[in-house]
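A.B. asks: Below are the structure tokens for one structure; questions will follow.
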Amino acid sequence: MPDESKQSGESVNSSFAAFSKGLIDYAGLFPPAALGLAEAINNFQRYRSGEHSALLGDFICPVAKLREARALADQNSADVRFIALPEYGGEHSDMTEDFEAAGKELLSFSEEFGVQRISALELKLNEATAQGLEDRGGVTELITALAAFNSFFERGVGAFVELVYEKGQRVSPQWQESIVKIVVVLSELKNELGVPLGLKLRCGGPRAEDVPSATQVAFAINQCREAQLPVKFTAGLHKAACAHNSVGEVKEHGFLNVFGAAVLAHAKQLEFPALVDFVQLSDVSKIAFSDDSVRLGVHDVSVRELKKARDELAVSFGSCSFEEPIDELRKLSMLPAAIQ
């Protein structure tokens with residue numbers, strides 16, 4: 001990744017650089033953008049060589065499209081690392097077979113192009129499977145399915161598991177129980193078997209019912225913090241700051257709120273109710289970056305603490321647009337002068 005401090009004659013705000021480095025994984029292939037592969041690869045290369053490249057993470061790509069994506073990247077002389085999404089219909093009975101097929105294709109791809117081209121895997125687990133993790137049989141089935149990716153795990157390539165609710169819902173009556181179960185199991189597999197696993201949390205969608213509450217987002221962050229499990233976010237994070245509906249509930253989450261809450265959870269061990277408050281904070285004047293720290297609400301977080309929180313807990317978020325989050329930061333005058 002380019003050194004953001006060399007993008008102009010001025011020095012970059014150190015806390016903003018630590019907070020935002022590699023923050024946005026590009027998901028241009030996915031709705032609502034749903035771009036063609038060639039256009040998405042072209043965009044990624046443009047962002048990679050652009051003035052805001054320090055904020056760009058990796059390219060999110062279905063396993064089935066990796067070879068075509070790699071060929072297009074080669075045509076553009078683009079240096080692309082992929083976050084690979086194995087095909088999985090979500091049904092419990094299909095999990096092992098689908099993961100085995102994806103594992104074989106990933107292994108073939110990595111043997112040809114190098115395992116370093118894959119930075120991470122992102123997997124889906126339906127809620128029925130998560131509920132079944134209460135007994136050892138369910139855990140054994142998950143271990144068996146994940147074995148398809150052992151060659152990547154052994155090389156330090158991690159997998160982030162997204163909990164998919166029934167009927168496409170992003171919330172459900174048993175959401176809290178499901179999150180607890182999946183976090184506990186992923187943490188146990190990470191610690192006991194050395195499998196580099198994390199949680200992937202969906203923060204929005206096209207319908208109001210797809211948007212988890214501030215309580216749910218904060219709860220997931222808190223659970224991951226306590227379990228020492230890294231977390232990625234996806235969907236609904238084009239806004240820098242959260243927006244509220246007419247009754248005061250969060251209708252769109254803000255990535256400054258979500259990552260700020262995760263940083264506070266990690267660096268300051270902030271209690272759960274305070275995390276909920278920060279996730280739904282609408283006054284972004286309470287978020288201020290300086291050269292040696294960031295003020296998040298009433299807390300000052302040092303650059304060292306920021307880097308540690310980003311490395312160990314709040315990894316990145318996937319977005320089908322790279323430009324919208326950048327525009328949001330520009331509107332709030334939060335992009336340091338050196339990279340505006």
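Ordered as shown in the structure tokens, chains take letters A, B, and onward, while each chain numbers its residues from 1 and ligands are numbered from 1 in the order shown.
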Name the residues in contact with Arg304 (chain A) at a cut-off of 10 Å, using only C-alpha atoms, excluding same-chain residues fewer than 4 positions from it; report them as a PyMOL selection string.

C.D. replies: chain A and resi 15+18+267+292-293+308-309

A.B. asks: Near Gly198 (chain A), counting only C-alpha atoms, which residues have an atom at most 8 Å away, once you skip same-chain residues fewer than 6 positions from it, shown as JSON, numbers by chain?

C.D. replies: {"A": [158, 159, 160, 161, 186, 187, 229, 230, 231, 232]}

A.B. asks: Please provide the set of residues having any atom within 10 Å of Ala288 (chain A), restricted to only C-alpha atoms, with same-chain residues fewer than 4 positions apart removed, written as a ChimeraX atom specification.

C.D. replies: /A:15-16,284,293-297,300,334

A.B. asks: Can you pull out every residue from region 125-216 of chain A that DSSP, working from the backbone, puts in strand (DSSP E or B), and format the result as a PDB file with C-alpha atoms, in the first residue's frame?

C.D. replies:
ATOM      1  CA  LEU A 125     -23.447 -19.546   7.934  1.00  0.00           C
ATOM      2  CA  ASN A 126     -27.217 -19.666   8.180  1.00  0.00           C
ATOM      3  CA  GLY A 158      -8.178 -15.930   7.753  1.00  0.00           C
ATOM      4  CA  ALA A 159     -11.898 -16.532   7.247  1.00  0.00           C
ATOM      5  CA  PHE A 160     -14.661 -14.191   8.375  1.00  0.00           C
ATOM      6  CA  VAL A 161     -18.025 -15.857   8.932  1.00  0.00           C
ATOM      7  CA  GLU A 162     -21.258 -13.988   8.305  1.00  0.00           C
ATOM      8  CA  LEU A 163     -24.428 -15.048  10.095  1.00  0.00           C
ATOM      9  CA  VAL A 164     -27.287 -15.109   7.567  1.00  0.00           C
ATOM     10  CA  LEU A 197     -11.405 -16.951  12.153  1.00  0.00           C
ATOM     11  CA  GLY A 198     -13.435 -13.790  12.656  1.00  0.00           C
ATOM     12  CA  LEU A 199     -17.007 -12.520  12.469  1.00  0.00           C
ATOM     13  CA  LYS A 200     -18.505 -10.644   9.540  1.00  0.00           C
ATOM     14  CA  LEU A 201     -21.424  -8.402  10.530  1.00  0.00           C
ATOM     15  CA  ARG A 202     -23.980  -7.079   8.034  1.00  0.00           C
TER      16      ARG A 202
END

A.B. asks: Can you tell me how far CA of Lys21 (chain A) sits from CA of Leu55 (chain A), in Å to one decimal?

C.D. replies: 4.8 Å
